[in-house]
$ cat upload12.pdb   # PDB, C-alpha atoms and all ligand atoms
ATOM      1  CA  MET A   1      99.506  82.662  84.395
ATOM      2  CA  ILE A   2     100.571  85.706  82.459
ATOM      3  CA  LEU A   3      99.850  88.853  84.460
ATOM      4  CA  ASN A   4      99.971  92.042  82.403
ATOM      5  CA  TRP A   5     100.719  94.692  84.998
ATOM      6  CA  GLN A   6      99.719  98.295  85.187
ATOM      7  CA  LEU A   7     101.211  99.763  88.337
ATOM      8  CA  ASP A   8     100.076 103.319  88.997
ATOM      9  CA  SER A   9     102.752 103.651  91.677
ATOM     10  CA  ALA A  10     106.244 102.159  91.501
ATOM     11  CA  ALA A  11     106.001 101.740  95.285
ATOM     12  CA  ASP A  12     103.639  98.819  94.695
ATOM     13  CA  THR A  13     106.184  96.585  92.952
ATOM     14  CA  TRP A  14     106.645  94.617  96.199
ATOM     15  CA  LEU A  15     103.222  93.060  95.559
ATOM     16  CA  THR A  16     103.881  91.627  92.115
ATOM     17  CA  SER A  17     105.868  88.506  92.955
ATOM     18  CA  LEU A  18     103.424  87.463  95.695
ATOM     19  CA  MET A  19     100.479  88.027  93.358
ATOM     20  CA  GLN A  20     102.203  86.070  90.577
ATOM     21  CA  HIS A  21     102.640  83.171  92.984
ATOM     22  CA  ALA A  22      98.992  83.453  94.094
ATOM     23  CA  ALA A  23      97.743  83.558  90.487
ATOM     24  CA  ASP A  24      99.771  80.487  89.457
ATOM     25  CA  THR A  25      98.440  78.637  92.507
ATOM     26  CA  ALA A  26      94.861  79.691  91.746
ATOM     27  CA  LEU A  27      95.081  78.407  88.182
ATOM     28  CA  ARG A  28      96.404  75.063  89.434
ATOM     29  CA  CYS A  29      93.728  74.747  92.161
ATOM     30  CA  GLU A  30      90.965  75.547  89.672
ATOM     31  CA  GLY A  31      92.352  72.805  87.420
ATOM     32  CA  VAL A  32      92.928  75.006  84.380
ATOM     33  CA  THR A  33      95.563  73.435  82.152
ATOM     34  CA  LEU A  34      95.461  76.014  79.335
ATOM     35  CA  PRO A  35      97.822  79.002  79.567
ATOM     36  CA  CYS A  36      95.844  82.066  80.706
ATOM     37  CA  SER A  37      96.417  85.792  80.998
ATOM     38  CA  VAL A  38      94.914  88.563  83.114
ATOM     39  CA  ASP A  39      95.306  92.329  82.809
ATOM     40  CA  ILE A  40      95.839  93.635  86.325
ATOM     41  CA  ARG A  41      96.068  97.185  87.568
ATOM     42  CA  LEU A  42      97.137  98.246  91.057
ATOM     43  CA  CYS A  43      95.904 101.746  91.799
ATOM     44  CA  SER A  44      94.736 104.262  94.381
ATOM     45  CA  ASP A  45      91.275 104.561  95.968
ATOM     46  CA  GLU A  46      90.592 107.583  93.802
ATOM     47  CA  ALA A  47      91.372 105.679  90.572
ATOM     48  CA  ILE A  48      89.273 102.627  91.486
ATOM     49  CA  ARG A  49      86.422 104.934  92.475
ATOM     50  CA  GLU A  50      86.487 106.470  88.999
ATOM     51  CA  ILE A  51      86.358 103.040  87.360
ATOM     52  CA  ASN A  52      83.572 101.932  89.685
ATOM     53  CA  ARG A  53      81.590 105.029  88.764
ATOM     54  CA  ALA A  54      82.225 104.725  85.021
ATOM     55  CA  TYR A  55      81.495 100.993  84.646
ATOM     56  CA  ARG A  56      79.116 100.175  87.480
ATOM     57  CA  GLY A  57      77.488 103.501  88.266
ATOM     58  CA  ILE A  58      78.710 103.280  91.876
ATOM     59  CA  ASP A  59      80.492 106.420  93.013
ATOM     60  CA  LYS A  60      82.561 104.713  95.726
ATOM     61  CA  ALA A  61      86.080 103.364  96.195
ATOM     62  CA  THR A  62      86.289  99.609  96.681
ATOM     63  CA  ASP A  63      88.965  96.949  97.216
ATOM     64  CA  VAL A  64      88.781  94.932  93.988
ATOM     65  CA  LEU A  65      86.891  95.068  90.694
ATOM     66  CA  SER A  66      86.828  92.183  88.229
ATOM     67  CA  PHE A  67      85.705  92.277  84.629
ATOM     68  CA  PRO A  68      85.510  88.705  83.278
ATOM     69  CA  LEU A  69      85.743  88.177  79.509
ATOM     70  CA  ASN A  70      83.906  84.854  79.617
ATOM     71  CA  THR A  71      80.341  83.931  80.424
ATOM     72  CA  TYR A  72      80.407  80.355  81.619
ATOM     73  CA  PRO A  73      77.426  78.003  81.352
ATOM     74  CA  ALA A  74      75.417  77.669  84.580
ATOM     75  CA  GLY A  75      77.202  75.616  87.215
ATOM     76  CA  ARG A  76      80.514  75.599  85.304
ATOM     77  CA  THR A  77      83.708  77.481  85.994
ATOM     78  CA  ALA A  78      87.012  77.928  84.132
ATOM     79  CA  GLY A  79      88.373  74.563  85.305
ATOM     80  CA  ASN A  80      85.644  72.628  83.531
ATOM     81  CA  ALA A  81      84.925  74.921  80.612
ATOM     82  CA  PRO A  82      88.058  74.750  78.413
ATOM     83  CA  LYS A  83      86.051  75.459  75.251
ATOM     84  CA  HIS A  84      84.865  78.750  76.695
ATOM     85  CA  LEU A  85      88.408  79.704  77.671
ATOM     86  CA  GLN A  86      89.636  78.945  74.167
ATOM     87  CA  MET A  87      87.192  81.460  72.691
ATOM     88  CA  ASN A  88      89.441  84.173  74.106
ATOM     89  CA  TYR A  89      92.707  82.565  73.038
ATOM     90  CA  ASP A  90      95.134  85.226  71.846
ATOM     91  CA  ASP A  91      97.742  84.152  69.263
ATOM     92  CA  GLU A  92     100.056  86.985  70.221
ATOM     93  CA  THR A  93     100.350  86.078  73.908
ATOM     94  CA  GLY A  94      99.738  82.360  73.425
ATOM     95  CA  ALA A  95      97.243  82.459  76.290
ATOM     96  CA  CYS A  96      93.501  82.611  76.929
ATOM     97  CA  ALA A  97      92.535  86.058  78.202
ATOM     98  CA  LEU A  98      90.385  85.844  81.341
ATOM     99  CA  GLY A  99      89.645  89.536  81.842
ATOM    100  CA  ASP A 100      90.666  92.525  83.941
ATOM    101  CA  LEU A 101      91.352  92.987  87.634
ATOM    102  CA  ILE A 102      91.688  96.328  89.395
ATOM    103  CA  ILE A 103      92.893  96.367  92.985
ATOM    104  CA  SER A 104      93.249  99.353  95.295
ATOM    105  CA  THR A 105      96.545  99.217  97.173
ATOM    106  CA  GLU A 106      95.167 101.731  99.678
ATOM    107  CA  HIS A 107      92.427  99.208 100.492
ATOM    108  CA  ILE A 108      95.019  96.408 100.828
ATOM    109  CA  LEU A 109      96.822  98.344 103.540
ATOM    110  CA  SER A 110      93.768  99.674 105.384
ATOM    111  CA  GLN A 111      91.898  96.336 105.353
ATOM    112  CA  ALA A 112      94.998  94.448 106.513
ATOM    113  CA  LYS A 113      95.182  96.788 109.486
ATOM    114  CA  GLU A 114      91.449  96.497 110.162
ATOM    115  CA  TYR A 115      91.474  92.673 110.090
ATOM    116  CA  GLY A 116      94.774  92.393 111.951
ATOM    117  CA  HIS A 117      96.693  90.410 109.354
ATOM    118  CA  SER A 118      99.589  91.076 107.013
ATOM    119  CA  PRO A 119      99.237  93.215 103.872
ATOM    120  CA  GLN A 120     100.443  90.089 102.007
ATOM    121  CA  ARG A 121      97.477  88.067 103.205
ATOM    122  CA  GLU A 122      95.092  90.848 102.212
ATOM    123  CA  ALA A 123      96.751  91.295  98.805
ATOM    124  CA  ALA A 124      96.639  87.557  98.112
ATOM    125  CA  TYR A 125      93.016  87.385  99.260
ATOM    126  CA  LEU A 126      91.869  90.241  97.029
ATOM    127  CA  LEU A 127      93.729  88.823  94.035
ATOM    128  CA  VAL A 128      92.285  85.354  94.615
ATOM    129  CA  HIS A 129      88.778  86.764  95.118
ATOM    130  CA  GLY A 130      89.008  88.731  91.864
ATOM    131  CA  LEU A 131      90.479  85.760  89.983
ATOM    132  CA  CYS A 132      87.648  83.522  91.196
ATOM    133  CA  HIS A 133      85.222  85.977  89.590
ATOM    134  CA  LEU A 134      87.218  85.718  86.350
ATOM    135  CA  PHE A 135      86.968  81.920  86.688
ATOM    136  CA  GLY A 136      83.179  82.265  86.755
ATOM    137  CA  TYR A 137      82.436  82.107  90.500
ATOM    138  CA  ASP A 138      80.061  84.551  92.167
ATOM    139  CA  HIS A 139      78.531  85.151  95.574
ATOM    140  CA  ILE A 140      74.955  86.197  94.897
ATOM    141  CA  GLU A 141      73.147  82.937  95.760
ATOM    142  CA  ASP A 142      74.072  81.129  98.991
ATOM    143  CA  ASP A 143      75.132  77.943  97.185
ATOM    144  CA  ASP A 144      77.377  79.815  94.753
ATOM    145  CA  LYS A 145      78.789  81.849  97.614
ATOM    146  CA  ARG A 146      79.746  78.660  99.483
ATOM    147  CA  ARG A 147      81.476  77.223  96.382
ATOM    148  CA  MET A 148      83.385  80.457  95.840
ATOM    149  CA  ARG A 149      84.508  80.635  99.481
ATOM    150  CA  GLU A 150      85.651  77.007  99.361
ATOM    151  CA  MET A 151      87.762  77.647  96.277
ATOM    152  CA  GLU A 152      89.224  80.834  97.781
ATOM    153  CA  GLU A 153      90.149  79.007 100.991
ATOM    154  CA  LYS A 154      91.671  76.129  99.025
ATOM    155  CA  ILE A 155      93.889  78.495  97.033
ATOM    156  CA  LEU A 156      94.880  80.593 100.054
ATOM    157  CA  SER A 157      95.785  77.598 102.179
ATOM    158  CA  GLU A 158      97.784  76.197  99.240
ATOM    159  CA  ILE A 159      99.720  79.485  99.154
ATOM    160  CA  GLY A 160     100.076  79.050 102.909
ATOM    161  CA  ILE A 161      98.156  82.128 103.967
ATOM    162  CA  GLY A 162      94.760  80.725 104.914
ATOM    163  CA  ARG A 163      92.337  82.312 107.352
ATOM    164  CA  ASP A 164      94.355  81.662 110.493
ATOM    165  CA  ASP A 165      97.785  82.401 109.115
ATOM    166  CA  THR A 166      99.246  85.772 109.872
ATOM    167  CA  GLN A 167     102.776  85.078 108.718
ATOM    168  CA  ILE A 168     104.209  84.233 105.353
ATOM    169  CA  PRO A 169     105.224  80.546 105.624
ATOM    170  CA  ASP A 170     108.719  79.413 104.702
ATOM    171  CA  GLU A 171     107.522  77.481 101.642
ATOM    172  CA  THR A 172     105.927  80.623 100.169
ATOM    173  CA  LEU A 173     109.086  82.639 100.828
ATOM    174  CA  LEU A 174     111.172  79.885  99.195
ATOM    175  CA  GLN A 175     108.836  79.787  96.197
ATOM    176  CA  MET A 176     109.080  83.557  95.775
ATOM    177  CA  ALA A 177     112.888  83.263  95.817
ATOM    178  CA  ARG A 178     112.727  80.476  93.191
ATOM    179  CA  GLU A 179     110.551  82.652  90.964
ATOM    180  CA  MET A 180     113.194  85.385  91.043
ATOM    181  CA  LEU A 181     115.648  83.000  89.350
ATOM    182  CA  LYS A 182     113.937  83.969  86.092
ATOM    183  CA  ARG A 183     114.980  87.605  86.569
ATOM    184  CA  SER A 184     118.626  86.823  87.277
ATOM    185  CA  TYR A 185     121.052  88.726  85.066
ATOM    186  CA  CYS A 186     124.078  86.444  84.996
ATOM    187  CA  PRO A 187     125.569  86.304  81.475
ATOM    188  CA  TYR A 188     129.110  85.840  82.895
ATOM    189  CA  SER A 189     128.822  83.233  85.638
ATOM    190  CA  HIS A 190     125.537  81.644  84.447
ATOM    191  CA  TYR A 191     124.887  81.113  88.165
ATOM    192  CA  ALA A 192     121.345  82.408  88.727
ATOM    193  CA  VAL A 193     120.275  83.347  92.262
ATOM    194  CA  GLY A 194     116.923  84.599  93.559
ATOM    195  CA  ALA A 195     116.097  85.916  97.020
ATOM    196  CA  ALA A 196     113.041  86.909  99.041
ATOM    197  CA  ILE A 197     113.361  88.706 102.366
ATOM    198  CA  LEU A 198     110.541  88.957 104.924
ATOM    199  CA  ALA A 199     110.266  92.250 106.793
ATOM    200  CA  ASP A 200     108.757  92.258 110.272
ATOM    201  CA  ASP A 201     105.817  94.331 109.021
ATOM    202  CA  GLY A 202     104.829  91.372 106.820
ATOM    203  CA  ARG A 203     106.084  92.725 103.504
ATOM    204  CA  VAL A 204     108.291  90.561 101.279
ATOM    205  CA  PHE A 205     110.926  92.050  99.008
ATOM    206  CA  THR A 206     112.530  90.008  96.256
ATOM    207  CA  GLY A 207     115.788  90.299  94.361
ATOM    208  CA  CYS A 208     118.031  88.555  91.867
ATOM    209  CA  ASN A 209     121.754  88.692  91.174
ATOM    210  CA  ILE A 210     122.788  91.366  88.694
ATOM    211  CA  GLU A 211     126.172  90.915  87.036
ATOM    212  CA  ASN A 212     128.284  93.458  85.215
ATOM    213  CA  ALA A 213     130.819  93.386  82.391
ATOM    214  CA  SER A 214     133.339  94.736  84.901
ATOM    215  CA  TYR A 215     132.699  91.584  87.002
ATOM    216  CA  GLY A 216     133.527  93.418  90.234
ATOM    217  CA  LEU A 217     130.349  95.500  90.200
ATOM    218  CA  THR A 218     128.126  92.446  90.415
ATOM    219  CA  ASN A 219     125.384  92.645  93.021
ATOM    220  CA  CYS A 220     124.075  89.519  94.726
ATOM    221  CA  ALA A 221     120.388  88.605  94.925
ATOM    222  CA  GLU A 222     120.352  88.958  98.728
ATOM    223  CA  ARG A 223     121.690  92.506  98.665
ATOM    224  CA  THR A 224     119.325  93.456  95.827
ATOM    225  CA  ALA A 225     116.431  92.328  98.046
ATOM    226  CA  VAL A 226     117.791  94.095 101.154
ATOM    227  CA  PHE A 227     118.409  97.361  99.286
ATOM    228  CA  LYS A 228     114.947  97.288  97.745
ATOM    229  CA  ALA A 229     113.450  96.736 101.196
ATOM    230  CA  VAL A 230     115.430  99.456 102.981
ATOM    231  CA  SER A 231     114.676 101.969 100.226
ATOM    232  CA  GLU A 232     110.962 101.217 100.714
ATOM    233  CA  GLY A 233     111.176 101.833 104.464
ATOM    234  CA  ALA A 234     111.615  98.286 105.811
ATOM    235  CA  THR A 235     114.692  97.927 108.012
ATOM    236  CA  SER A 236     113.925  94.951 110.233
ATOM    237  CA  PHE A 237     113.754  91.381 108.938
ATOM    238  CA  THR A 238     112.929  87.917 110.225
ATOM    239  CA  ALA A 239     113.821  85.548 107.367
ATOM    240  CA  ILE A 240     115.443  85.430 103.946
ATOM    241  CA  ALA A 241     115.065  82.680 101.358
ATOM    242  CA  ILE A 242     117.755  82.234  98.706
ATOM    243  CA  ALA A 243     117.313  79.997  95.651
ATOM    244  CA  ALA A 244     119.608  78.602  92.976
ATOM    245  CA  TYR A 245     119.130  75.847  90.406
ATOM    246  CA  ASP A 246     121.686  73.230  91.299
ATOM    247  CA  ALA A 247     124.155  74.309  93.977
ATOM    248  CA  ALA A 248     123.586  75.501  97.544
ATOM    249  CA  PRO A 249     123.358  79.323  97.430
ATOM    250  CA  TRP A 250     124.647  80.165 100.908
ATOM    251  CA  PRO A 251     125.187  83.937 101.016
ATOM    252  CA  CYS A 252     128.653  85.320 100.298
ATOM    253  CA  GLY A 253     130.602  87.236 102.940
ATOM    254  CA  ALA A 254     129.459  90.636 101.693
ATOM    255  CA  CYS A 255     125.796  89.658 101.939
ATOM    256  CA  ARG A 256     126.250  88.156 105.414
ATOM    257  CA  GLN A 257     127.718  91.490 106.535
ATOM    258  CA  VAL A 258     124.877  93.507 104.972
ATOM    259  CA  LEU A 259     122.239  91.213 106.530
ATOM    260  CA  ASN A 260     123.997  91.573 109.899
ATOM    261  CA  GLU A 261     123.616  95.363 109.701
ATOM    262  CA  PHE A 262     119.820  95.127 109.834
ATOM    263  CA  ALA A 263     118.967  91.696 111.179
ATOM    264  CA  PRO A 264     121.668  89.843 113.141
ATOM    265  CA  GLY A 265     119.007  87.326 114.239
ATOM    266  CA  ILE A 266     117.630  86.609 110.749
ATOM    267  CA  ARG A 267     116.909  83.023 109.637
ATOM    268  CA  VAL A 268     118.634  82.162 106.363
ATOM    269  CA  LEU A 269     116.936  79.533 104.189
ATOM    270  CA  VAL A 270     118.608  78.191 101.064
ATOM    271  CA  THR A 271     117.100  76.005  98.369
ATOM    272  CA  TRP A 272     118.425  74.312  95.264
ATOM    273  CA  GLY A 273     116.879  71.388  93.389
ATOM    274  CA  ASP A 274     114.746  69.565  95.946
ATOM    275  CA  HIS A 275     116.936  70.680  98.870
ATOM    276  CA  VAL A 276     116.104  73.170 101.591
ATOM    277  CA  GLU A 277     118.510  74.025 104.391
ATOM    278  CA  GLU A 278     118.351  76.639 107.096
ATOM    279  CA  ALA A 279     120.798  78.350 109.456
ATOM    280  CA  PRO A 280     120.630  81.444 111.654
ATOM    281  CA  LEU A 281     122.844  84.273 110.450
ATOM    282  CA  SER A 282     124.709  84.152 113.777
ATOM    283  CA  THR A 283     126.219  80.787 112.796
ATOM    284  CA  LEU A 284     127.060  82.005 109.265
ATOM    285  CA  LEU A 285     128.743  85.142 110.613
ATOM    286  CA  PRO A 286     130.108  84.405 114.082
ATOM    287  CA  HIS A 287     131.477  87.381 116.043
ATOM    288  CA  GLY A 288     129.777  89.645 113.502
ATOM    289  CA  PHE A 289     130.664  93.314 113.431
ATOM    290  CA  GLY A 290     127.576  95.523 113.420
ATOM    291  CA  PRO A 291     126.246  98.895 114.554
ATOM    292  CA  ASN A 292     126.298  97.789 118.216
ATOM    293  CA  GLU A 293     130.033  97.156 118.102
ATOM    294  CA  LEU A 294     130.808 100.815 117.345
ATOM    295  CA  PRO A 295     131.757 102.899 120.378
ATOM    296  CA  GLN A 296     128.885 105.103 121.541
ATOM    297  CA  THR A 297     129.806 108.738 120.995
ATOM    298  CA  ASP A 298     127.855 111.985 121.307
ATOM    299  CA  HIS A 299     127.853 114.134 118.222
TER
HETATM  300 ZN    ZN B   1     126.416  87.975  98.173
END

$ encode --input "upload12.pdb" --output "structure tokens"
Amino acid sequence: MILNWQLDSAADTWLTSLMQHAADTALRCEGVTLPCSVDIRLCSDEAIREINRAYRGIDKATDVLSFPLNTYPAGRTAGNAPKHLQMNYDDETGACALGDLIISTEHILSQAKEYGHSPQREAAYLLVHGLCHLFGYDHIEDDDKRRMREMEEKILSEIGIGRDDTQIPDETLLQMAREMLKRSYCPYSHYAVGAAILADDGRVFTGCNIENASYGLTNCAERTAVFKAVSEGATSFTAIAIAAYDAAPWPCGACRQVLNEFAPGIRVLVTWGDHVEEAPLSTLLPHGFGPNELPQTDH
């Protein structure tokens, strides 16, 4: 699924890789085999309120608005209406446009708190709910509502964040790391690495390796993810997933040291090809030197 992003705030970039994963999963669950695209905007309550007022005459902020491009025949949805999808095929993008989604990031955070689950779960739910509308589902009649809920639950449990899940499962974290392989900038080593680190507040931050013509200034995927997280206010972590194509991407010494600074107890998961292996950081960096090893002094 091609997602054309409009992010009103750069602080919301942490949501994009999770939403990309959710959108790809949704397309697969719905059984759509044609390439599709969605224009998606993440914005504030104030911005979504304006759109709600302008297009629906409702002067109120809301969590998600969807504007489907297709009208599907009664009882059909995107998965069994390929001809309708093709009507909005765009030569330039090579994909069938499904429509627009607008999601309030303020609502993601406040509703996550209200329902007692992670912002990730709420973000994935709102994206999936909006996408289902673009697929042709609605929840006006009871029967339609049941079908829409079933599809939403199917997609969310496939992502691994169904109704009863409060944590991001390992497989989702691994998949987010694998997706970051595409962003790797590695023209010198050609060794792509992607990483996804889970903060204890439920947020996931991703990173890729970024090489440099000077070689020495290369930054690893793990440290890219950690630095993104810390600069967004997350400083405590429970797990990190690291992906490569065809060799085990155990973190280098520098990354082990940086992880140890914030999360000496972190679980480290690595994946390459069909393999997944896991080790606690304490076995990768025995006798680690961290903030607690410094003598306590009064300043
Ligand atoms: Zn490293």

$ residues_around --input "upload12.pdb" --residues "Trp14 of chain A" --least-positions-apart "5" --cutoff "9 Å" --atoms "only C-alpha atoms" --output "list in words"
Arg203, Val204, Phe205, Thr206, Lys228 and Ala229 of chain A

$ write_last_selection --input "upload12.pdb" --atoms "C-alpha atoms" --output "mmCIF file, in the frame of the given file"
data_model
loop_
_atom_site.group_PDB
_atom_site.id
_atom_site.type_symbol
_atom_site.label_atom_id
_atom_site.label_comp_id
_atom_site.auth_asym_id
_atom_site.auth_seq_id
_atom_site.Cartn_x
_atom_site.Cartn_y
_atom_site.Cartn_z
ATOM 1 C CA ARG A 203 106.084 92.725 103.504
ATOM 2 C CA VAL A 204 108.291 90.561 101.279
ATOM 3 C CA PHE A 205 110.926 92.050 99.008
ATOM 4 C CA THR A 206 112.530 90.008 96.256
ATOM 5 C CA LYS A 228 114.947 97.288 97.745
ATOM 6 C CA ALA A 229 113.450 96.736 101.196
#

$ residues_near_ligand --input "upload12.pdb" --ligand "ligand ZN 1 (chain B)" --cutoff "9 Å" --atoms "all atoms listed in the file" --output "list in words"
Asn209, Asn219, Cys220, Ala221, Glu222, Arg223, Trp250, Pro251, Cys252, Gly253, Ala254, Cys255, Arg256 and Val258 of chain A

$ closest_atom_pairs --input "upload12.pdb" --of "segment 142-255 of chain A" --to "segment 18-34 of chain A" --cutoff "9 Å" --atoms "only C-alpha atoms" --output "tab-separated table"
residue	atom	partner	partner_atom	distance
A:Met151	CA	A:Glu30	CA	7.6
A:Glu152	CA	A:Ala26	CA	8.3
A:Lys154	CA	A:Cys29	CA	7.3
A:Ile155	CA	A:Ala26	CA	5.5
A:Leu156	CA	A:Ala22	CA	7.8
A:Glu158	CA	A:Thr25	CA	7.2
A:Ile159	CA	A:Ala22	CA	6.5
A:Thr172	CA	A:His21	CA	8.3
A:Gln175	CA	A:His21	CA	7.8
A:Met176	CA	A:Leu18	CA	6.9
A:Glu179	CA	A:His21	CA	8.2
A:Val204	CA	A:Leu18	CA	8.0

$ resolve_selection --input "upload12.pdb" --expression "the PyMOL selection byres (((chain A and resi 286-288) around 9) and not hetatm)" --output "list in words"
Arg256, Gln257, Asn260, Pro264, Leu281, Ser282, Thr283, Leu284, Leu285, Phe289, Gly290 and Glu293 of chain A

$ write_last_selection --input "upload12.pdb" --atoms "C-alpha atoms" --output "compact mmCIF listing (two decimals), in the frame of the given file"
# COMPACT_ATOMS: atom_id res chain seq x y z
CA ARG A 256 126.25 88.16 105.41
CA GLN A 257 127.72 91.49 106.54
CA ASN A 260 124.00 91.57 109.90
CA PRO A 264 121.67 89.84 113.14
CA LEU A 281 122.84 84.27 110.45
CA SER A 282 124.71 84.15 113.78
CA THR A 283 126.22 80.79 112.80
CA LEU A 284 127.06 82.00 109.26
CA LEU A 285 128.74 85.14 110.61
CA PHE A 289 130.66 93.31 113.43
CA GLY A 290 127.58 95.52 113.42
CA GLU A 293 130.03 97.16 118.10

$ closest_residue --input "upload12.pdb" --among "A:Ala11, A:Ala54, A:Ala263, A:Ile103" --to "Thr238 of chain A" --atoms "all atoms listed in the file"
A:Ala263

$ atom_distance --input "upload12.pdb" --atom1 "atom CA of Ser157 of chain A" --atom2 "atom CA of Val128 of chain A"
11.4 Å

$ closest_residue --input "upload12.pdb" --among "A:Met148, A:Leu85, A:Ala192, A:Ile240" --to "Val268 of chain A" --atoms "all atoms listed in the file"
A:Ile240

$ closest_residue --input "upload12.pdb" --among "A:Gly57, A:Pro280, A:Pro169, A:Pro35" --to "Ala78 of chain A" --atoms "only C-alpha atoms"
A:Pro35

$ atom_distance --input "upload12.pdb" --atom1 "atom CA of Ser44 of chain A" --atom2 "atom CA of Asp8 of chain A"
7.6 Å

$ resolve_selection --input "upload12.pdb" --expression "the PyMOL selection byres (((chain A and resi 60) around 9) and not hetatm)" --output "list in words"
Asp45, Glu46, Ile48, Arg49, Glu50, Asn52, Arg53, Ile58, Asp59, Ala61 and Thr62 of chain A

$ atom_distance --input "upload12.pdb" --atom1 "atom CA of Leu65 of chain A" --atom2 "atom CA of Glu141 of chain A"
19.0 Å

$ closest_residue --input "upload12.pdb" --among "A:Asn88, A:Asn80, A:Asp100, A:Val270" --to "Ile51 of chain A" --atoms "only C-alpha atoms"
A:Asp100

$ resolve_selection --input "upload12.pdb" --expression "the PyMOL selection byres (((chain A and resi 107) around 10) and not hetatm)" --output "NGL selection string"
:A and (43-45 or 61-64 or 103-106 or 108-113 or 119 or 122-123 or 126)

$ write_last_selection --input "upload12.pdb" --atoms "C-alpha atoms" --output "compact mmCIF listing (two decimals), keeping the file's coordinate frame"
# COMPACT_ATOMS: atom_id res chain seq x y z
CA CYS A 43 95.90 101.75 91.80
CA SER A 44 94.74 104.26 94.38
CA ASP A 45 91.28 104.56 95.97
CA ALA A 61 86.08 103.36 96.20
CA THR A 62 86.29 99.61 96.68
CA ASP A 63 88.96 96.95 97.22
CA VAL A 64 88.78 94.93 93.99
CA ILE A 103 92.89 96.37 92.98
CA SER A 104 93.25 99.35 95.30
CA THR A 105 96.54 99.22 97.17
CA GLU A 106 95.17 101.73 99.68
CA ILE A 108 95.02 96.41 100.83
CA LEU A 109 96.82 98.34 103.54
CA SER A 110 93.77 99.67 105.38
CA GLN A 111 91.90 96.34 105.35
CA ALA A 112 95.00 94.45 106.51
CA LYS A 113 95.18 96.79 109.49
CA PRO A 119 99.24 93.22 103.87
CA GLU A 122 95.09 90.85 102.21
CA ALA A 123 96.75 91.30 98.80
CA LEU A 126 91.87 90.24 97.03

$ residues_around --input "upload12.pdb" --residues "Thr224 of chain A" --least-positions-apart "5" --cutoff "12 Å" --atoms "all atoms listed in the file" --output "PyMOL selection string"
chain A and resi 180+183-185+193-197+205-211+218-219+229-231+242+255+258-259

$ residues_around --input "upload12.pdb" --residues "Arg76 of chain A" --least-positions-apart "3" --cutoff "12 Å" --atoms "all atoms listed in the file" --output "MDAnalysis selection string"
chainID A and resid 30 70:73 79:85 135:138 144 147:148

$ closest_residue --input "upload12.pdb" --among "A:Gly94, A:Ala47, A:Tyr188, A:Tyr125" --to "Ser214 of chain A" --atoms "all atoms listed in the file"
A:Tyr188

$ closest_residue --input "upload12.pdb" --among "A:Val276, A:Ala244, A:Val38, A:Ala95" --to "Lys182 of chain A" --atoms "only C-alpha atoms"
A:Ala244

$ residues_around --input "upload12.pdb" --residues "Trp5 of chain A" --least-positions-apart "5" --cutoff "9 Å" --atoms "all atoms listed in the file" --output "PyMOL selection string"
chain A and resi 16+38-42

$ build_atoms --input "upload12.pdb" --residues "segment 74-85 of chain A" --atoms "N, CA and C atoms" --output "PDB file, in the coordinates of the input"
ATOM      1  N   ALA A  74      75.832  77.790  83.174  1.00  0.00           N
ATOM      2  CA  ALA A  74      75.417  77.669  84.580  1.00  0.00           C
ATOM      3  C   ALA A  74      76.088  76.481  85.244  1.00  0.00           C
ATOM      4  N   GLY A  75      76.606  76.710  86.447  1.00  0.00           N
ATOM      5  CA  GLY A  75      77.202  75.616  87.215  1.00  0.00           C
ATOM      6  C   GLY A  75      78.616  75.257  86.789  1.00  0.00           C
ATOM      7  N   ARG A  76      79.151  75.919  85.751  1.00  0.00           N
ATOM      8  CA  ARG A  76      80.514  75.599  85.304  1.00  0.00           C
ATOM      9  C   ARG A  76      81.439  76.773  85.589  1.00  0.00           C
ATOM     10  N   THR A  77      82.698  76.443  85.822  1.00  0.00           N
ATOM     11  CA  THR A  77      83.708  77.481  85.994  1.00  0.00           C
ATOM     12  C   THR A  77      84.890  77.161  85.081  1.00  0.00           C
ATOM     13  N   ALA A  78      85.900  78.034  85.088  1.00  0.00           N
ATOM     14  CA  ALA A  78      87.012  77.928  84.132  1.00  0.00           C
ATOM     15  C   ALA A  78      87.607  76.516  84.070  1.00  0.00           C
ATOM     16  N   GLY A  79      87.727  75.874  85.230  1.00  0.00           N
ATOM     17  CA  GLY A  79      88.373  74.563  85.305  1.00  0.00           C
ATOM     18  C   GLY A  79      87.657  73.488  84.507  1.00  0.00           C
ATOM     19  N   ASN A  80      86.336  73.636  84.341  1.00  0.00           N
ATOM     20  CA  ASN A  80      85.644  72.628  83.531  1.00  0.00           C
ATOM     21  C   ASN A  80      84.904  73.243  82.345  1.00  0.00           C
ATOM     22  N   ALA A  81      85.492  74.310  81.817  1.00  0.00           N
ATOM     23  CA  ALA A  81      84.925  74.921  80.612  1.00  0.00           C
ATOM     24  C   ALA A  81      86.035  75.337  79.648  1.00  0.00           C
ATOM     25  N   PRO A  82      86.915  74.382  79.261  1.00  0.00           N
ATOM     26  CA  PRO A  82      88.058  74.750  78.413  1.00  0.00           C
ATOM     27  C   PRO A  82      87.639  75.364  77.078  1.00  0.00           C
ATOM     28  N   LYS A  83      86.494  74.917  76.553  1.00  0.00           N
ATOM     29  CA  LYS A  83      86.051  75.459  75.251  1.00  0.00           C
ATOM     30  C   LYS A  83      85.754  76.953  75.362  1.00  0.00           C
ATOM     31  N   HIS A  84      85.174  77.338  76.506  1.00  0.00           N
ATOM     32  CA  HIS A  84      84.865  78.750  76.695  1.00  0.00           C
ATOM     33  C   HIS A  84      86.138  79.575  76.846  1.00  0.00           C
ATOM     34  N   LEU A  85      87.133  78.995  77.532  1.00  0.00           N
ATOM     35  CA  LEU A  85      88.408  79.704  77.671  1.00  0.00           C
ATOM     36  C   LEU A  85      89.040  79.922  76.300  1.00  0.00           C
TER      37      LEU A  85
END
